[in-house]
Amino acid sequence: MFDWDDLRVFLTVARARRIAPAARSLGVDPTTIGRRMARLSEQLGAQLFESVGGERLLTERGQALFARAEAIESTALAAMGEVTGDSRSLSGQVRLSVAEGFATWVLAPALPEFHRTHPDIQLDIITASGFLNPSKREADIAVMLARPRSGRLVATKLSDYRLRLYAARTYLEAHGKPVRVEQLGRHALISYVPEFIYSPELDYLGEIGAGLEPKLRSTSINIQHRLIAGGTGIGVLPAFIGDRDPLLVPIMADEREIRRSFWQVTHADTRGLARIEAVAALLRACTAALP
């Protein structure tokens with residue numbers, strides 16, 4: 001017989017793909033993780049991981065165990081929720097992974113009322129570059145820009161939204177308003193730093209016109225907005241930001257409108273928890289009327 005807790009360690013390593021982050025997640029030292037994985041492999045008589053480029057990737061036998069271990073984990077979580085009443089409780093922690101612009105302009109205005117209604121829910125809003133993955137238990141809910149194609153996840157489309165080119169009135173008065181894509185090359189363009197774009201859906205300028213290069217770049221959509229609103233140049237913003245700023249004017253809105261979607265992603269095991277559903281309802285309400 002093997003130690004059942006080794007399955008929990010195995011799942012953590014499989015999801016993190018590296019020993020060090022798995023050890024930090026579990027609060028143990030990496031040596032202990034390595035020893036327990038070696039013991040599990042020996043007890044099962046199967047190699048579970050192979051090391052590729054510094055990552056621990058599942059072998060074929062490891063993938064088979066992963067599927068079974070996830071099923072065991074799901075059953076255990078469901079049983080604990082039923083016994084403790086946690087599945088029906090409107091209290092506890094919910095970790096929500098969202099993009100910075102969504103968090104600032106869409107979510108934050110609704111949070112005071114949400115907190116008044118659900119004072120016992122501890123909502124952690126994570127806006128770090130890149131989305132945390134519910135499949136790896138990094139977040140309870142993620143609002144993503146594309147539907148994930150793998151993992152035990154439930155993805156629900158929240159809303160489409162539009163993006164346009166914007167410039168400040170002061171900028172247009174000083175530099176003129178471009179009416180054709182070819183004219184954009186003569187203007188100061190503002191966009192993301194290409195090598196730090198964590199989702200291909202954020203690569204906007206290529207859809208506006210070929211060969212456009214930004215003069216000012218930032219990983220933060222809020223910084224981009226401030227640069228555009230301050231009259232520094234022209235850039236692409238979501239309409240839920242640009243249309244709300246009276247300093248901004250849309251550029252070529254009819255010819256160069258971009259569409260994207262927000263997807264709500266949760267793990268299949270936790271979507272039925274009352275506190276998760278309360279946050280999901282908040283997200284649906286926030287996105288119901290996006291421009």
# chains A, B, ... in the order shown; residues from 1 in each chain; ligands from 1

$ select_by_dssp --residues "segment 71-257 of chain A" --states "alpha helix (DSSP H)" --output "VMD selection string"
chain A and resid 71 to 84 100 to 102 111 to 117 169 to 175 205 to 208 221 to 229 239 to 242

$ closest_atom_pairs --of "segment 111-200 of chain A" --to "segment 94-107 of chain A" --cutoff "6 Å" --atoms "only C-alpha atoms" --output "Markdown table"
| residue | atom | partner | partner_atom | distance |
| --- | --- | --- | --- | --- |
| A:Leu123 | CA | A:Val94 | CA | 5.0 |
| A:Asp124 | CA | A:Arg95 | CA | 4.7 |
| A:Ile125 | CA | A:Leu96 | CA | 4.9 |
| A:Ile126 | CA | A:Ser97 | CA | 4.7 |
| A:Thr127 | CA | A:Glu100 | CA | 5.2 |
| A:Phe131 | CA | A:Ser97 | CA | 5.9 |
| A:Leu132 | CA | A:Ser97 | CA | 5.8 |
| A:Ala139 | CA | A:Arg95 | CA | 5.1 |
| A:Asp140 | CA | A:Arg95 | CA | 5.2 |
| A:Ile141 | CA | A:Leu96 | CA | 5.0 |
| A:Ala142 | CA | A:Ser97 | CA | 4.5 |
| A:Val143 | CA | A:Val98 | CA | 5.1 |

$ residues_around --residues "Val9 of chain A" --least-positions-apart "3" --cutoff "8 Å" --atoms "only C-alpha atoms" --output "PyMOL selection string"
chain A and resi 5-6+12-13+22+26+33+36-37

$ closest_residue --among "A:Leu44, A:Gly27, A:Met252, A:Gly209" --to "Lys177 of chain A" --atoms "only C-alpha atoms"
A:Met252

$ atom_distance --atom1 "atom CA of Leu202 of chain A" --atom2 "atom CA of Arg260 of chain A"
9.2 Å

$ residues_around --residues "Ala288 of chain A" --least-positions-apart "5" --cutoff "12 Å" --atoms "only C-alpha atoms" --output "list in words"
Val106, Leu107, Lys157, Leu158, Ser159, Asp160, Tyr161, Phe262, Ala281, Leu282 and Leu283 of chain A

$ closest_residue --among "A:Arg256, A:His267, A:His175, A:Arg152" --to "Gly206 of chain A" --atoms "only C-alpha atoms"
A:Arg256

$ select_by_dssp --residues "segment 121-214 of chain A" --states "strand (DSSP E or B)" --output "PyMOL selection string"
chain A and resi 121-126+141-144+153-168+189-191

$ atom_distance --atom1 "atom CA of Gly230 of chain A" --atom2 "atom CA of Ala168 of chain A"
6.8 Å

$ residues_around --residues "Ile258 of chain A" --least-positions-apart "6" --cutoff "8 Å" --atoms "only C-alpha atoms" --output "short mmCIF file (atom, residue, chain, number, x, y, z; two decimals) with all heavy atoms, in the first residue's frame"
data_model
loop_
_atom_site.label_atom_id
_atom_site.label_comp_id
_atom_site.auth_asym_id
_atom_site.auth_seq_id
_atom_site.Cartn_x
_atom_site.Cartn_y
_atom_site.Cartn_z
N ARG A 162 -15.93 45.36 -27.54
CA ARG A 162 -15.32 45.99 -28.70
C ARG A 162 -14.08 46.79 -28.30
O ARG A 162 -13.99 47.29 -27.18
CB ARG A 162 -16.32 46.91 -29.39
CG ARG A 162 -17.53 46.18 -29.96
CD ARG A 162 -18.54 47.17 -30.49
NE ARG A 162 -19.09 47.99 -29.40
CZ ARG A 162 -19.85 49.07 -29.60
NH1 ARG A 162 -20.15 49.46 -30.82
NH2 ARG A 162 -20.32 49.76 -28.56
N LEU A 163 -13.16 46.92 -29.22
CA LEU A 163 -11.99 47.76 -29.04
C LEU A 163 -11.87 48.68 -30.26
O LEU A 163 -12.22 48.30 -31.38
CB LEU A 163 -10.71 46.93 -28.91
CG LEU A 163 -10.69 45.90 -27.78
CD1 LEU A 163 -10.91 44.51 -28.35
CD2 LEU A 163 -9.39 45.96 -27.00
N ARG A 164 -11.37 49.89 -30.00
CA ARG A 164 -11.21 50.86 -31.08
C ARG A 164 -9.91 51.64 -30.87
O ARG A 164 -9.35 51.64 -29.78
CB ARG A 164 -12.37 51.86 -31.09
CG ARG A 164 -13.75 51.28 -31.21
CD ARG A 164 -14.77 52.42 -31.35
NE ARG A 164 -16.14 51.91 -31.42
CZ ARG A 164 -17.04 52.08 -30.46
NH1 ARG A 164 -16.72 52.74 -29.36
NH2 ARG A 164 -18.26 51.62 -30.60
N TYR A 204 -3.21 43.74 -30.81
CA TYR A 204 -4.23 44.48 -31.57
C TYR A 204 -3.71 45.15 -32.83
O TYR A 204 -4.40 45.17 -33.86
CB TYR A 204 -4.84 45.58 -30.69
CG TYR A 204 -5.41 45.12 -29.38
CD1 TYR A 204 -5.10 45.79 -28.20
CD2 TYR A 204 -6.27 44.03 -29.30
CE1 TYR A 204 -5.62 45.40 -26.98
CE2 TYR A 204 -6.79 43.63 -28.08
CZ TYR A 204 -6.46 44.32 -26.93
OH TYR A 204 -6.98 43.92 -25.74
N GLU A 207 -4.07 43.79 -36.30
CA GLU A 207 -5.40 43.77 -36.90
C GLU A 207 -5.81 45.13 -37.44
O GLU A 207 -6.70 45.23 -38.28
CB GLU A 207 -6.42 43.28 -35.87
CG GLU A 207 -6.22 41.83 -35.47
CD GLU A 207 -7.34 41.32 -34.57
OE1 GLU A 207 -8.50 41.71 -34.78
OE2 GLU A 207 -7.04 40.54 -33.64
#

$ residues_around --residues "Asp3 of chain A" --least-positions-apart "3" --cutoff "10 Å" --atoms "only C-alpha atoms" --output "PyMOL selection string"
chain A and resi 6-8+36+39-40+43

$ closest_residue --among "A:Pro246, A:Pro214, A:Gly45, A:Gly235" --to "Leu165 of chain A" --atoms "only C-alpha atoms"
A:Gly235

$ closest_residue --among "A:Ala278, A:Gly62, A:Phe10, A:Ala268" --to "Ala23 of chain A" --atoms "only C-alpha atoms"
A:Phe10

$ closest_residue --among "A:Ala253, A:Leu172, A:Ala210, A:Val279" --to "His115 of chain A" --atoms "only C-alpha atoms"
A:Val279

$ closest_residue --among "A:Thr31, A:Thr232, A:Ser199, A:Ser51" --to "Ala146 of chain A" --atoms "only C-alpha atoms"
A:Ser199
